[in-house]
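Next up, final-v4.txt (compact mmCIF, C-alpha atoms):
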# COMPACT_ATOMS: atom_id res chain seq x y z
CA MET W 180 27.13 270.11 160.74
CA ILE W 181 30.93 269.84 160.83
CA HIS W 182 32.74 272.61 162.73
CA ASN W 183 36.43 271.66 162.19
CA PHE W 184 38.11 271.53 158.79
CA PHE W 185 41.62 270.12 158.38
CA PHE W 186 43.41 270.87 155.11
CA ASP W 187 46.55 269.42 153.64
CA PHE W 188 48.58 272.23 152.09
CA ASP W 189 50.61 271.28 148.98
CA GLY W 190 48.27 270.18 146.22
CA THR W 191 45.15 270.96 148.26
CA VAL W 192 45.22 274.60 149.39
CA GLY W 193 48.37 275.86 147.72
CA ASN W 194 49.16 275.16 144.09
CA THR W 195 52.84 274.37 144.56
CA ILE W 196 52.92 271.60 141.96
CA GLU W 197 55.15 273.44 139.48
CA GLY W 198 57.56 274.60 142.15
CA ILE W 199 57.87 271.17 143.76
CA THR W 200 58.32 269.42 140.40
CA ILE W 201 61.07 271.83 139.33
CA THR W 202 62.77 271.49 142.70
CA LEU W 203 62.76 267.69 142.51
CA LYS W 204 64.40 267.88 139.06
CA LYS W 205 67.02 270.39 140.24
CA THR W 206 67.75 268.33 143.35
CA LYS W 207 68.42 265.30 141.18
CA GLU W 208 70.78 267.35 139.02
CA VAL W 209 72.83 268.87 141.84
CA MET W 210 73.13 265.51 143.58
CA GLY W 211 74.17 263.82 140.35
CA TYR W 212 71.65 261.16 141.23
CA THR W 213 69.03 259.36 139.18
CA TYR W 214 65.54 258.76 140.53
CA ASP W 215 62.20 258.32 138.83
CA MET W 216 60.22 261.57 138.74
CA ALA W 217 56.87 259.76 138.74
CA GLU W 218 57.88 257.95 141.93
CA ALA W 219 59.12 261.22 143.44
CA ILE W 220 55.81 262.96 142.72
CA SER W 221 53.92 260.01 144.21
CA LEU W 222 55.77 260.55 147.50
CA VAL W 223 54.76 264.19 147.91
CA GLY W 224 52.88 264.42 151.18
CA THR W 225 55.50 262.51 153.16
CA PRO W 226 58.41 264.24 154.98
CA LEU W 227 61.46 265.06 152.85
CA ILE W 228 63.67 262.68 154.82
CA ALA W 229 61.27 259.82 154.02
CA MET W 230 61.23 260.83 150.35
CA GLY W 231 65.03 260.85 150.33
CA GLU W 232 65.21 257.38 151.85
CA LYS W 233 62.84 256.01 149.21
CA LEU W 234 64.41 257.78 146.24
CA CYS W 235 68.11 257.77 147.09
CA GLY W 236 68.55 255.29 149.94
CA PRO W 237 69.08 255.86 153.68
CA ASP W 238 72.70 256.98 153.26
CA LYS W 239 71.67 259.79 150.88
CA ALA W 240 68.48 260.89 152.65
CA GLU W 241 70.06 263.79 154.58
CA GLU W 242 71.82 265.05 151.45
CA PHE W 243 68.54 264.88 149.55
CA THR W 244 66.73 266.85 152.26
CA THR W 245 69.40 269.55 152.43
CA SER W 246 69.65 269.82 148.65
CA TYR W 247 65.89 269.94 148.16
CA ARG W 248 65.39 272.70 150.73
CA ARG W 249 68.20 274.76 149.17
CA GLU W 250 66.93 274.30 145.61
CA TYR W 251 63.33 275.02 146.62
CA ILE W 252 64.33 278.51 147.80
CA THR W 253 65.86 279.21 144.37
CA TRP W 254 63.47 277.46 142.01
CA GLY W 255 60.18 276.68 143.72
CA ALA W 256 59.34 279.07 146.54
CA ASP W 257 57.79 281.81 144.40
CA LYS W 258 55.65 279.45 142.32
CA ILE W 259 52.54 279.31 144.45
CA SER W 260 48.90 280.34 144.28
CA PHE W 261 45.55 279.26 145.70
CA PHE W 262 43.74 276.56 143.78
CA ASP W 263 40.49 277.83 142.28
CA GLY W 264 37.77 278.18 144.88
CA ILE W 265 39.93 277.48 147.92
CA GLN W 266 40.22 281.06 149.14
CA ASP W 267 36.47 281.50 148.72
CA LEU W 268 35.91 278.38 150.82
CA LEU W 269 38.27 279.55 153.56
CA VAL W 270 36.58 282.97 153.69
CA MET W 271 33.17 281.27 153.92
CA LEU W 272 34.29 278.98 156.77
CA ASN W 273 35.83 281.90 158.65
CA GLU W 274 32.68 283.99 158.26
CA LYS W 275 30.69 281.13 159.78
CA ASN W 276 33.14 281.03 162.74
CA LEU W 277 34.17 277.47 161.89
CA HIS W 278 37.66 276.22 162.68
CA CYS W 279 40.34 275.54 160.08
CA ALA W 280 43.71 273.83 160.46
CA ILE W 281 46.57 272.95 158.16
CA VAL W 282 47.77 269.35 158.58
CA THR W 283 50.95 268.93 156.55
CA SER W 284 54.28 267.10 156.55
CA LYS W 285 56.06 270.34 155.55
CA MET W 286 58.54 271.99 157.88
CA LYS W 287 56.99 274.89 159.79
CA ASP W 288 59.29 277.54 158.31
CA SER W 289 58.45 276.45 154.77
CA LEU W 290 54.71 276.47 155.49
CA LEU W 291 54.90 279.91 157.12
CA ASN W 292 56.68 281.27 154.05
CA ASN W 293 53.97 279.85 151.80
CA LEU W 294 51.19 281.26 153.95
CA THR W 295 52.87 284.67 153.90
CA GLN W 296 53.05 284.59 150.10
CA LEU W 297 49.32 283.83 149.97
CA ASN W 298 48.46 286.19 152.85
CA ALA W 299 46.63 283.20 154.31
CA HIS W 300 47.69 283.02 157.96
CA ARG W 301 44.40 284.58 159.06
CA TYR W 302 42.34 281.66 157.80
CA PHE W 303 43.85 279.00 160.07
CA ASP W 304 43.53 278.47 163.81
CA VAL W 305 46.09 275.66 164.02
CA LEU W 306 49.14 274.64 161.97
CA VAL W 307 50.24 271.01 162.23
CA THR W 308 53.68 270.57 160.63
CA LYS W 309 56.50 268.04 160.57
CA GLU W 310 57.69 269.28 163.96
CA SER W 311 54.30 268.69 165.62
CA THR W 312 54.40 264.88 165.78
CA LYS W 313 56.96 262.10 165.71
CA ILE W 314 55.00 260.06 163.15
CA PHE W 315 53.45 261.50 160.00
CA LYS W 316 50.63 260.89 157.55
CA PRO W 317 49.32 258.30 156.74
CA ASN W 318 49.59 257.68 160.49
CA PRO W 319 46.69 259.39 162.34
CA ASP W 320 48.94 261.32 164.77
CA PRO W 321 48.91 264.66 162.84
CA VAL W 322 45.12 264.60 162.52
CA GLU W 323 44.76 263.67 166.19
CA PHE W 324 47.10 266.56 167.06
CA ALA W 325 44.75 268.93 165.23
CA LEU W 326 41.75 267.47 167.05
CA LYS W 327 43.40 267.98 170.43
CA SER W 328 44.58 271.49 169.54
CA LEU W 329 41.04 272.55 168.65
CA HIS W 330 39.42 270.52 171.47
CA ALA W 331 37.36 268.86 168.73
CA GLU W 332 35.60 265.49 168.63
CA LYS W 333 36.40 263.17 165.73
CA ASN W 334 32.75 263.13 164.60
CA ASP W 335 32.93 266.92 164.24
CA ALA W 336 35.91 267.12 161.89
CA VAL W 337 36.88 266.42 158.29
CA MET W 338 40.30 265.90 156.67
CA ILE W 339 40.64 267.33 153.15
CA GLY W 340 43.58 266.33 150.97
CA ASP W 341 44.90 265.48 147.53
CA THR W 342 46.88 262.33 148.36
CA ARG W 343 46.21 258.88 149.73
CA PHE W 344 48.32 259.81 152.75
CA ASP W 345 45.81 262.52 153.72
CA ILE W 346 42.78 260.26 153.34
CA LEU W 347 44.37 257.31 155.15
CA ALA W 348 45.43 259.55 158.04
CA GLY W 349 41.94 260.99 158.33
CA LYS W 350 40.28 257.58 158.23
CA ALA W 351 42.71 256.18 160.81
CA ALA W 352 41.88 259.10 163.10
CA GLY W 353 38.15 258.46 162.69
CA VAL W 354 37.22 261.75 160.99
CA LYS W 355 35.32 262.30 157.76
CA THR W 356 37.48 262.60 154.65
CA ILE W 357 37.30 264.48 151.36
CA GLY W 358 39.68 263.66 148.54
CA VAL W 359 40.40 266.35 145.95
CA THR W 360 41.66 265.48 142.48
CA TRP W 361 43.57 268.63 141.44
CA GLY W 362 46.75 267.81 143.36
CA PHE W 363 49.47 265.18 143.30
CA ASP W 364 47.57 261.86 143.38
CA PRO W 365 45.36 261.09 140.37
CA LYS W 366 41.65 260.44 140.88
CA HIS W 367 41.93 256.65 140.64
CA VAL W 368 44.43 256.60 143.51
CA ILE W 369 42.12 258.77 145.63
CA GLU W 370 39.21 256.47 144.81
CA GLU W 371 41.19 253.41 145.92
CA VAL W 372 41.43 254.67 149.51
CA LYS W 373 37.67 255.40 149.63
CA PRO W 374 37.23 258.89 151.08
CA ASP W 375 33.73 259.86 152.19
CA TYR W 376 33.55 262.40 149.37
CA ILE W 377 35.55 263.33 146.27
CA ALA W 378 35.72 266.85 144.83
CA GLU W 379 37.10 267.51 141.35
CA THR W 380 36.79 271.31 141.53
CA GLY W 381 36.80 273.99 144.16
CA THR W 382 33.14 274.61 143.43
CA GLU W 383 32.33 270.96 144.18
CA LEU W 384 34.31 271.18 147.43
CA ILE W 385 32.35 274.25 148.52
CA LYS W 386 29.07 272.41 147.80
CA ILE W 387 30.18 269.39 149.83
Representation of the structure as structure tokens:
Amino acid sequence: MIHNFFFDFDGTVGNTIEGITITLKKTKEVMGYTYDMAEAISLVGTPLIAMGEKLCGPDKAEEFTTSYRREYITWGADKISFFDGIQDLLVMLNEKNLHCAIVTSKMKDSLLNNLTQLNAHRYFDVLVTKESTKIFKPNPDPVEFALKSLHAEKNDAVMIGDTRFDILAGKAAGVKTIGVTWGFDPKHVIEEVKPDYIAETGTELIKI
């Protein structure tokens, strides 16, 4: 039986897809810059500065980060809810005295705001954010940080996420992995990185 459950946030726990998509569009507008929205969506799960470097080039990465964070407050911050079944799963894990962590590339202040909106702080023992490690998913460091924080062994933990970055980070850290298909990466991309399990609904995730 697994005792430690590590969740990505955007696209896995919190349905922030609409808010992030709108914010990416508004950021492009205010910067007067052109980038491909499909590519932008495919980069969700990496830090904003890395997204900016890919989408706009290294010289525009800081401007992208600043603009995105400003536009998110206006256009995206209030567009959030739990994905179906996720709150039920978190309640179940808490009732069984199992440990839950968020492992995300989001800034801590942004994650805390999201958790406040969902009234979800109480479900998580550990929050791993952009500030927690120097290297981010798909590198294993964030998952290993969660393991150390919970004094957990790798064979007693699972990483749950909606992008290839989550699955690759979990696999590199040596933990079990579950890919979910309701977030940012489509199912075929999740399948390509070969998680231990795939869940297409919250109900399936609870069963797993």
Counting all atoms listed in the file, what is within 8 Å of region 345-350 of chain W, bar same-chain residues fewer than 5 positions away, as a PDB file with C-alpha atoms, in the frame of the given file?
ATOM      1  CA  ASP W 187      46.550 269.420 153.640  1.00  0.00           C
ATOM      2  CA  GLY W 224      52.880 264.420 151.180  1.00  0.00           C
ATOM      3  CA  LYS W 316      50.630 260.890 157.550  1.00  0.00           C
ATOM      4  CA  PRO W 317      49.320 258.300 156.740  1.00  0.00           C
ATOM      5  CA  ASN W 318      49.590 257.680 160.490  1.00  0.00           C
ATOM      6  CA  PRO W 319      46.690 259.390 162.340  1.00  0.00           C
ATOM      7  CA  ASP W 320      48.940 261.320 164.770  1.00  0.00           C
ATOM      8  CA  PRO W 321      48.910 264.660 162.840  1.00  0.00           C
ATOM      9  CA  VAL W 322      45.120 264.600 162.520  1.00  0.00           C
ATOM     10  CA  VAL W 337      36.880 266.420 158.290  1.00  0.00           C
ATOM     11  CA  MET W 338      40.300 265.900 156.670  1.00  0.00           C
ATOM     12  CA  ILE W 339      40.640 267.330 153.150  1.00  0.00           C
ATOM     13  CA  GLY W 340      43.580 266.330 150.970  1.00  0.00           C
ATOM     14  CA  LYS W 355      35.320 262.300 157.760  1.00  0.00           C
ATOM     15  CA  THR W 356      37.480 262.600 154.650  1.00  0.00           C
ATOM     16  CA  ILE W 357      37.300 264.480 151.360  1.00  0.00           C
ATOM     17  CA  GLY W 358      39.680 263.660 148.540  1.00  0.00           C
ATOM     18  CA  ILE W 369      42.120 258.770 145.630  1.00  0.00           C
ATOM     19  CA  VAL W 372      41.430 254.670 149.510  1.00  0.00           C
ATOM     20  CA  LYS W 373      37.670 255.400 149.630  1.00  0.00           C
ATOM     21  CA  PRO W 374      37.230 258.890 151.080  1.00  0.00           C
TER      22      PRO W 374
END
Need to verify the contact set: Glu383 (chain W), 12 Å, all atoms listed in the file, exclusion of same-chain residues closer than 5 positions in sequence. Can you return it as a PDB file with C-alpha atoms, in the frame of the given file?
ATOM      1  CA  ASP W 263      40.490 277.830 142.280  1.00  0.00           C
ATOM      2  CA  GLY W 264      37.770 278.180 144.880  1.00  0.00           C
ATOM      3  CA  ILE W 265      39.930 277.480 147.920  1.00  0.00           C
ATOM      4  CA  LEU W 268      35.910 278.380 150.820  1.00  0.00           C
ATOM      5  CA  ILE W 357      37.300 264.480 151.360  1.00  0.00           C
ATOM      6  CA  GLY W 358      39.680 263.660 148.540  1.00  0.00           C
ATOM      7  CA  VAL W 359      40.400 266.350 145.950  1.00  0.00           C
ATOM      8  CA  THR W 360      41.660 265.480 142.480  1.00  0.00           C
ATOM      9  CA  TRP W 361      43.570 268.630 141.440  1.00  0.00           C
ATOM     10  CA  TYR W 376      33.550 262.400 149.370  1.00  0.00           C
ATOM     11  CA  ILE W 377      35.550 263.330 146.270  1.00  0.00           C
ATOM     12  CA  ALA W 378      35.720 266.850 144.830  1.00  0.00           C
TER      13      ALA W 378
END
Test item: residues at most 12 Å from Glu274 (chain W), all atoms listed in the file, excluding those fewer than 5 positions along its chain, as a list in words |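 The neighbour list is Asp267, Leu268, Leu269, Cys279, Arg301 and Tyr302 of chain W.
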Find the residues near region 196-208 of chain W: any atom within 12 Å, counting all atoms listed in the file, skip ones fewer than 5 places away on the same chain, and give them as an MDAnalysis selection string.
-> chainID W and resid 188:191 213:224 227 230:231 234:235 239:240 242:262 285 293 341 361:364
Which neighbours of Leu306 (chain W) fall inside 7 Å, counting all atoms listed in the file, when residues of the same chain fewer than 5 positions from it are skipped, and could you give them as a list in words?
-> Ala280, Ile281 and Val282 of chain W
Dump as a PDB file, in the frame of the given file, selection limited to C-alpha atoms:
ATOM      1  CA  ALA W 280      43.710 273.830 160.460  1.00  0.00           C
ATOM      2  CA  ILE W 281      46.570 272.950 158.160  1.00  0.00           C
ATOM      3  CA  VAL W 282      47.770 269.350 158.580  1.00  0.00           C
TER       4      VAL W 282
END
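Here CA of Glu323 (chain W) is placed at a distance of 14.3 Å from CA of Glu310 (chain W).
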What does the distance from CA of Lys287 (chain W) to CA of His300 (chain W) come to in Å, to one decimal?
->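 Between CA of Lys287 (chain W) and CA of His300 (chain W) the gap works out to 12.5 Å.
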If you measure from CA of Val192 (chain W) to CA of Met271 (chain W), what distance in Å do you get, rounded to one decimal?
-> 14.5 Å
Residue nearest Ala352 (chain W) among W:Glu241, W:Met180, W:Gly193, W:Phe185 (counting only C-alpha atoms) |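 Residue with the minimum atom-to-atom distance to Ala352 (chain W): W:Phe185.
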Can you work out which one of W:His367, W:Arg343, W:Phe315, W:Lys386 has the shortest atom-to-atom distance to Thr283 (chain W), counting all atoms listed in the file?
->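 Of W:His367, W:Arg343, W:Phe315, W:Lys386, the one nearest Thr283 (chain W), counting all atoms listed in the file, is W:Phe315.
Minimum atom-to-atom distances from W:Thr225, W:Thr342, W:Thr380, W:Asn276 to Ile314 (chain W) were compared using all atoms listed in the file, and the lowest value belongs to W:Thr225.
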